[in-house]
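K.L.:
Pasting a structure here, questions to come.
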Amino acid sequence: MNKKYTLYSSAFLFVLVISYIFFFVIPVYEDRKRNTVISFSPISDSKIIELHNNLFIADLHADTLLWDRKLNTHHHHGHVDIPRLLQGNVGLQVFSVVTKTPRGLNLYSNDDNSDNITLLAIAQRWPVKTWKSTLHRAVYQAEKLHVAATKSSQRLKIIRTRQDLQEVITLKNGNQAVVGAILSLEGAHALEGKLENVALLFNEGYRIIGFSHFFDNELGGSAHGVKKNGITQFGLNVLRKMNHLNILADISHASPKLIDDILRHSTRPVIATHTGVQGVCNNATRNLSDEHIRKIAASGGVVGIGFWPAAICSQDVSGLIKSIRYVADLIGEDYVALGSDFDGNVQTPFDAANISVVTRALVQDGFTERQIQKIMGENIANVLLDNLPVDSETELQSNP
Ligand SMILES: [Zn+2]
């Protein structure tokens, strides 16, 4: 009897330890391993610090919601949380939502037959309905952001309308510790082939949708897909719906043909939330051509330059500045912005708290104060102030 009891309690203890490791240790370990900082020298020049602290700073892409991280807590791993955004004087952070990535993920050719996120969702204790549904993963991650905003003591504000953004800008101008957040979808396979899910995600707060991620989907091709086709009829219908609802189209990760088609058919500005440029870093499967950069500018959109090595062919901030300079020379400084890809399974030269490294590097490269204001955030703010829904439209569309 005693022997049996000991056996049961040992087995119970074993399951408990394994469960603890699987549900609490591995998710944090994965986050720490995959989102790292390379190196940077901290800012000591008081003039740079003053300039930086007077900027409205915006970043177009961070995948933070994918990880098991409490947004309102300061962490010493990964790249983004609210305390670090405030420390870096970031006024607007776009939180992009990843819902499916293929196993053996690479830049050249991936199909959609496998999925890394299922195991991550289970290990991170996400609701059961997210295990199989990319739509539910998108809804769940949006809700994580909403909960964080509620618990943030007014430091994190979710931006759904032009008025919301204007309020955050006004608060920042009054030196309040606040950061605005916009939800963005990375890969519209999460619509699960249903047009009505565009409105559903709009109601969850999504204001930017990237058509494809690492594989071709129902809307069109990925730069890293198998066929890399252009837009489908479903993709066109989604684009029309997005244009109608004031959701911006993001062409990051799209195949060149799909980029062409979105630029041809969109009636609103088209943006790249996180990219590099072929003129600096000839990563042809992912980075933008001069022609696409020109067309994005012509649409009234912005090009967000990423911070990770494969986008800028550099381990430090120099590649980022070179890419910003390249776009500014090609189409003018009104169309270039920051698109870090913080927490996107990448190494970056610094985290959100130390984004002033970019301000210093722009000064050192000879950009004027006015140009720095635009590049560090005003360009993004302007596109959004012109294209987010106005309050009354949001109310109307919340009952589609
Ligand atoms: Zn991405």
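Ordering of the structure tokens sets the chain letters (A, B, ...); residue numbers start at 1 within each chain; ligands are numbered from 1 in the order shown.
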Neighbours of ligand 1 at 7 Å or closer, counting only C-alpha atoms and all ligand atoms: which residues, as a PyMOL selection string?

P.N.:
chain A and resi 186+213+252-253+274+341+344

K.L.:
Within 8 Å of Thr64 in chain A, counting only C-alpha atoms, which residues show up once you throw out same-chain ones fewer than 6 positions away? Write them as a ChimeraX atom specification, please.

P.N.:
/A:79-81,95-96,342-344

K.L.:
Those same residues - C-alpha atoms - I'd like them written as a short mmCIF file (atom, residue, chain, number, x, y, z; two decimals), in the first residue's frame.

P.N.:
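Result saved to out19.cif:
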```cif
data_model
loop_
_atom_site.label_atom_id
_atom_site.label_comp_id
_atom_site.auth_asym_id
_atom_site.auth_seq_id
_atom_site.Cartn_x
_atom_site.Cartn_y
_atom_site.Cartn_z
CA HIS A 79 12.80 44.25 -26.98
CA VAL A 80 9.47 45.82 -26.01
CA ASP A 81 7.28 46.39 -22.97
CA PHE A 95 1.76 45.76 -32.35
CA SER A 96 1.75 43.22 -35.16
CA PHE A 342 11.22 44.19 -32.38
CA ASP A 343 10.40 40.81 -30.82
CA GLY A 344 10.03 39.30 -34.30
#
```

K.L.:
Identify which of the residues A:Ala11, A:Val383, A:Val37, A:Leu388 lies closest to Asn345 in chain A, counting only C-alpha atoms when measuring atom-to-atom distances.

P.N.:
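Among the listed residues, A:Val37 lies closest to Asn345 in chain A.
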
K.L.:
Write out as a VMD selection string each polymer residue whose atoms come within 12 Å of Asn54 in chain A, counting only C-alpha atoms; drop sequence neighbours fewer than 5 positions from it.

P.N.:
chain A and resid 47 to 49 88 to 91 169 172 to 175 356 359 369 to 370 372 to 373 376 to 377

K.L.:
Show which residues sit within 9 Å of Pro389 in chain A, as a list of chain:residue names. Count only C-alpha atoms, and ignore same-chain residues fewer than 6 positions away.

P.N.:
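Result of the neighbour search: A:Arg160, A:Thr161, A:Arg162, A:Gln163, A:Arg207, A:Leu245, A:Asn246, A:Ile247.
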
K.L.:
Which residue out of A:Asp68, A:Glu204, A:Asp115, A:Asp351 has the minimum interatomic distance to Phe40 in chain A when only C-alpha atoms are used?

P.N.:
A:Asp351

K.L.:
Given only C-alpha atoms, how would the per-residue table for range 117-230 of chain A near range 19-36 of chain A read, listing every residue at most 9 Å away with its closest atom pair and distance in Å to one decimal, sorted by chain and number, as CSV?

P.N.:
```
residue,atom,partner,partner_atom,distance
A:Leu120,CA,A:Pro27,CA,7.2
A:Ile122,CA,A:Phe23,CA,7.9
A:Ala123,CA,A:Phe23,CA,4.7
A:Gln124,CA,A:Phe23,CA,5.9
A:Arg125,CA,A:Phe23,CA,6.7
```

K.L.:
Need the shell around Leu171 in chain A: protein/DNA/RNA residues with any atom at most 12 Å away, counting only C-alpha atoms. Skip same-chain ones fewer than 2 positions apart. Format as a short mmCIF file (atom, residue, chain, number, x, y, z; two decimals) with C-alpha atoms, in the first residue's frame?

P.N.:
```cif
data_model
loop_
_atom_site.label_atom_id
_atom_site.label_comp_id
_atom_site.auth_asym_id
_atom_site.auth_seq_id
_atom_site.Cartn_x
_atom_site.Cartn_y
_atom_site.Cartn_z
CA PHE A 56 7.16 62.14 -31.36
CA GLY A 91 4.69 57.69 -28.57
CA LEU A 92 3.22 55.12 -30.93
CA GLN A 154 -3.59 55.12 -18.51
CA ARG A 155 -0.03 54.65 -19.78
CA LEU A 156 -1.06 52.46 -22.73
CA LYS A 157 -3.85 53.68 -25.00
CA ASP A 164 -7.41 58.65 -30.32
CA LEU A 165 -4.08 59.33 -32.03
CA GLN A 166 -4.49 63.08 -31.73
CA GLU A 167 -5.18 62.64 -28.01
CA VAL A 168 -1.96 60.63 -27.53
CA ILE A 169 0.05 63.25 -29.46
CA ASN A 173 3.31 67.15 -26.07
CA GLY A 174 2.27 67.82 -22.46
CA ASN A 175 5.04 65.44 -21.31
CA GLN A 176 2.67 62.74 -20.08
CA ALA A 177 4.00 59.18 -19.78
CA VAL A 178 1.79 57.56 -22.40
CA VAL A 179 2.20 55.32 -25.42
CA GLY A 180 -0.36 54.72 -28.16
#
```

K.L.:
Going by DSSP on the backbone, which bits of range 195-381 of chain A are strand (DSSP E or B)? Write them as a ChimeraX atom specification, please.

P.N.:
/A:206-210,222,248-250,254,270-275,277,288,303-305,336-338,342,347-348

K.L.:
Kindly export the residues of the current selection with N, CA and C atoms, as a PDB file, in the first residue's frame.

P.N.:
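Saved result, part_14.pdb, follows:
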```pdb
ATOM      1  N   TYR A 206      -8.072  46.107 -35.041  1.00  0.00           N
ATOM      2  CA  TYR A 206      -7.049  46.043 -36.097  1.00  0.00           C
ATOM      3  C   TYR A 206      -7.219  47.194 -37.093  1.00  0.00           C
ATOM      4  N   ARG A 207      -6.103  47.891 -37.377  1.00  0.00           N
ATOM      5  CA  ARG A 207      -6.140  49.023 -38.304  1.00  0.00           C
ATOM      6  C   ARG A 207      -5.130  48.889 -39.446  1.00  0.00           C
ATOM      7  N   ILE A 208      -4.315  47.839 -39.403  1.00  0.00           N
ATOM      8  CA  ILE A 208      -3.366  47.544 -40.483  1.00  0.00           C
ATOM      9  C   ILE A 208      -3.434  46.034 -40.720  1.00  0.00           C
ATOM     10  N   ILE A 209      -3.455  45.628 -41.996  1.00  0.00           N
ATOM     11  CA  ILE A 209      -3.407  44.193 -42.305  1.00  0.00           C
ATOM     12  C   ILE A 209      -2.334  43.935 -43.360  1.00  0.00           C
ATOM     13  N   GLY A 210      -1.395  43.064 -43.019  1.00  0.00           N
ATOM     14  CA  GLY A 210      -0.415  42.579 -43.986  1.00  0.00           C
ATOM     15  C   GLY A 210      -1.014  41.385 -44.705  1.00  0.00           C
ATOM     16  N   SER A 222       3.272  35.058 -51.165  1.00  0.00           N
ATOM     17  CA  SER A 222       4.262  35.588 -50.225  1.00  0.00           C
ATOM     18  C   SER A 222       5.612  35.656 -50.934  1.00  0.00           C
ATOM     19  N   LEU A 248      -5.381  50.039 -43.187  1.00  0.00           N
ATOM     20  CA  LEU A 248      -4.296  50.199 -44.159  1.00  0.00           C
ATOM     21  C   LEU A 248      -3.715  48.846 -44.573  1.00  0.00           C
ATOM     22  N   ALA A 249      -3.289  48.768 -45.855  1.00  0.00           N
ATOM     23  CA  ALA A 249      -2.668  47.544 -46.372  1.00  0.00           C
ATOM     24  C   ALA A 249      -1.155  47.621 -46.188  1.00  0.00           C
ATOM     25  N   ASP A 250      -0.595  46.538 -45.630  1.00  0.00           N
ATOM     26  CA  ASP A 250       0.857  46.415 -45.417  1.00  0.00           C
ATOM     27  C   ASP A 250       1.394  45.395 -46.424  1.00  0.00           C
ATOM     28  N   ALA A 254       4.936  40.394 -48.843  1.00  0.00           N
ATOM     29  CA  ALA A 254       4.152  40.030 -50.035  1.00  0.00           C
ATOM     30  C   ALA A 254       5.097  39.724 -51.206  1.00  0.00           C
ATOM     31  N   VAL A 270      -0.616  52.816 -49.244  1.00  0.00           N
ATOM     32  CA  VAL A 270      -0.106  51.468 -48.957  1.00  0.00           C
ATOM     33  C   VAL A 270       1.197  51.639 -48.180  1.00  0.00           C
ATOM     34  N   ILE A 271       1.385  50.817 -47.143  1.00  0.00           N
ATOM     35  CA  ILE A 271       2.601  50.964 -46.340  1.00  0.00           C
ATOM     36  C   ILE A 271       3.402  49.661 -46.288  1.00  0.00           C
ATOM     37  N   ALA A 272       4.690  49.807 -45.946  1.00  0.00           N
ATOM     38  CA  ALA A 272       5.512  48.635 -45.612  1.00  0.00           C
ATOM     39  C   ALA A 272       5.881  48.808 -44.151  1.00  0.00           C
ATOM     40  N   THR A 273       5.343  47.942 -43.268  1.00  0.00           N
ATOM     41  CA  THR A 273       5.578  48.159 -41.834  1.00  0.00           C
ATOM     42  C   THR A 273       6.994  47.793 -41.415  1.00  0.00           C
ATOM     43  N   HIS A 274       7.617  46.847 -42.113  1.00  0.00           N
ATOM     44  CA  HIS A 274       8.991  46.448 -41.747  1.00  0.00           C
ATOM     45  C   HIS A 274       9.653  45.830 -42.972  1.00  0.00           C
ATOM     46  N   THR A 275      10.686  46.484 -43.411  1.00  0.00           N
ATOM     47  CA  THR A 275      11.342  46.032 -44.642  1.00  0.00           C
ATOM     48  C   THR A 275      12.771  46.544 -44.696  1.00  0.00           C
ATOM     49  N   VAL A 277      15.720  47.647 -48.043  1.00  0.00           N
ATOM     50  CA  VAL A 277      15.643  48.107 -49.445  1.00  0.00           C
ATOM     51  C   VAL A 277      16.765  47.474 -50.249  1.00  0.00           C
ATOM     52  N   LEU A 288      12.588  45.741 -50.584  1.00  0.00           N
ATOM     53  CA  LEU A 288      11.828  46.435 -51.626  1.00  0.00           C
ATOM     54  C   LEU A 288      12.721  46.953 -52.754  1.00  0.00           C
ATOM     55  N   VAL A 303       7.528  53.843 -45.878  1.00  0.00           N
ATOM     56  CA  VAL A 303       8.343  52.627 -45.853  1.00  0.00           C
ATOM     57  C   VAL A 303       9.026  52.559 -44.481  1.00  0.00           C
ATOM     58  N   GLY A 304       8.661  51.562 -43.690  1.00  0.00           N
ATOM     59  CA  GLY A 304       9.262  51.386 -42.365  1.00  0.00           C
ATOM     60  C   GLY A 304      10.496  50.503 -42.473  1.00  0.00           C
ATOM     61  N   ILE A 305      11.649  51.054 -42.093  1.00  0.00           N
ATOM     62  CA  ILE A 305      12.896  50.294 -42.232  1.00  0.00           C
ATOM     63  C   ILE A 305      13.142  49.460 -40.970  1.00  0.00           C
ATOM     64  N   VAL A 336       9.776  57.905 -45.299  1.00  0.00           N
ATOM     65  CA  VAL A 336      10.571  56.867 -44.642  1.00  0.00           C
ATOM     66  C   VAL A 336      10.333  56.920 -43.138  1.00  0.00           C
ATOM     67  N   ALA A 337      10.333  55.739 -42.518  1.00  0.00           N
ATOM     68  CA  ALA A 337       9.942  55.642 -41.109  1.00  0.00           C
ATOM     69  C   ALA A 337      10.650  54.453 -40.462  1.00  0.00           C
ATOM     70  N   LEU A 338      10.362  54.233 -39.173  1.00  0.00           N
ATOM     71  CA  LEU A 338      10.945  53.107 -38.445  1.00  0.00           C
ATOM     72  C   LEU A 338       9.984  51.913 -38.451  1.00  0.00           C
ATOM     73  N   PHE A 342      10.897  44.581 -33.746  1.00  0.00           N
ATOM     74  CA  PHE A 342      11.216  44.187 -32.376  1.00  0.00           C
ATOM     75  C   PHE A 342      10.404  42.942 -32.018  1.00  0.00           C
ATOM     76  N   GLN A 347      17.498  39.456 -33.876  1.00  0.00           N
ATOM     77  CA  GLN A 347      18.462  40.222 -33.086  1.00  0.00           C
ATOM     78  C   GLN A 347      18.392  41.652 -33.581  1.00  0.00           C
ATOM     79  N   THR A 348      18.392  42.606 -32.666  1.00  0.00           N
ATOM     80  CA  THR A 348      18.457  44.014 -33.080  1.00  0.00           C
ATOM     81  C   THR A 348      19.620  44.677 -32.320  1.00  0.00           C
TER      82      THR A 348
END
```

K.L.:
I'd like a table as a tab-separated table: residues in range 144-232 of chain A with an atom no more than 10 Å from range 72-78 of chain A, each row giving the shortest atom pair and its distance in Å to one decimal, only C-alpha atoms counted, sorted by chain and rising residue number.

P.N.:
```
residue	atom	partner	partner_atom	distance
A:Ala148	CA	A:Asn72	CA	6.6
A:Ala149	CA	A:Asn72	CA	8.5
A:Lys151	CA	A:Asn72	CA	7.7
A:Ser152	CA	A:Asn72	CA	6.2
A:Ser153	CA	A:Asn72	CA	9.5
A:Arg155	CA	A:Asn72	CA	8.9
A:Leu156	CA	A:Asn72	CA	8.6
```

K.L.:
Find the spatial neighbours of Ser114 in chain A, counting only C-alpha atoms, within a cut-off of 6 Å - ignore same-chain residues fewer than 2 positions away - and output them as a list of chain:residue names.

P.N.:
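These residues fall inside the cut-off: A:Pro102, A:Arg103, A:Asp112.
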
K.L.:
Quick one: write out the picked residues with N, CA and C atoms as an mmCIF file, in the first residue's frame?

P.N.:
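The file below, again27.cif, is the result:
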```cif
data_model
loop_
_atom_site.group_PDB
_atom_site.id
_atom_site.type_symbol
_atom_site.label_atom_id
_atom_site.label_comp_id
_atom_site.auth_asym_id
_atom_site.auth_seq_id
_atom_site.Cartn_x
_atom_site.Cartn_y
_atom_site.Cartn_z
ATOM 1 N N PRO A 102 5.632 28.612 -40.729
ATOM 2 C CA PRO A 102 5.947 27.229 -41.107
ATOM 3 C C PRO A 102 7.204 26.707 -40.409
ATOM 4 N N ARG A 103 7.250 25.405 -40.208
ATOM 5 C CA ARG A 103 8.470 24.801 -39.697
ATOM 6 C C ARG A 103 9.555 24.905 -40.757
ATOM 7 N N ASP A 112 2.311 25.892 -46.538
ATOM 8 C CA ASP A 112 1.551 26.170 -45.307
ATOM 9 C C ASP A 112 1.164 24.892 -44.579
#
```

K.L.:
When you look at Asp45 in chain A with a cut-off of 12 Å (counting only C-alpha atoms), what residues show up, excluding the ones that are within fewer than 5 positions of it in the same chain? I need them as an NGL selection string.

P.N.:
:A and (50-52 or 356-357 or 359-360 or 363-364)

K.L.:
Looking only at helix (DSSP H, G or I) from DSSP on the backbone, list the matching residues of range 56-122 of chain A as a compact mmCIF listing (two decimals) with C-alpha atoms, in the first residue's frame.

P.N.:
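This went into states.txt:
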```
# COMPACT_ATOMS: atom_id res chain seq x y z
CA THR A 64 5.64 41.38 -28.75
CA LEU A 65 2.11 39.99 -28.31
CA LEU A 66 3.26 36.58 -29.54
CA ILE A 82 5.48 49.54 -21.86
CA PRO A 83 8.12 50.71 -19.35
CA ARG A 84 10.81 50.39 -22.02
CA LEU A 85 8.69 52.17 -24.65
CA LEU A 86 8.21 55.03 -22.19
CA GLN A 87 11.92 55.02 -21.37
CA ILE A 117 2.56 28.52 -33.38
CA THR A 118 0.32 25.61 -32.28
CA LEU A 119 2.92 24.31 -29.82
CA LEU A 120 3.78 27.85 -28.69
CA ALA A 121 0.06 28.58 -28.07
CA ILE A 122 -0.31 25.41 -25.97
```

K.L.:
Calculated over only C-alpha atoms, which of the candidates A:Leu195, A:Ile331, A:Val317, A:Ile262 has the smallest distance to Asn354 in chain A?

P.N.:
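Using only C-alpha atoms, Asn354 in chain A sits closest to A:Val317.
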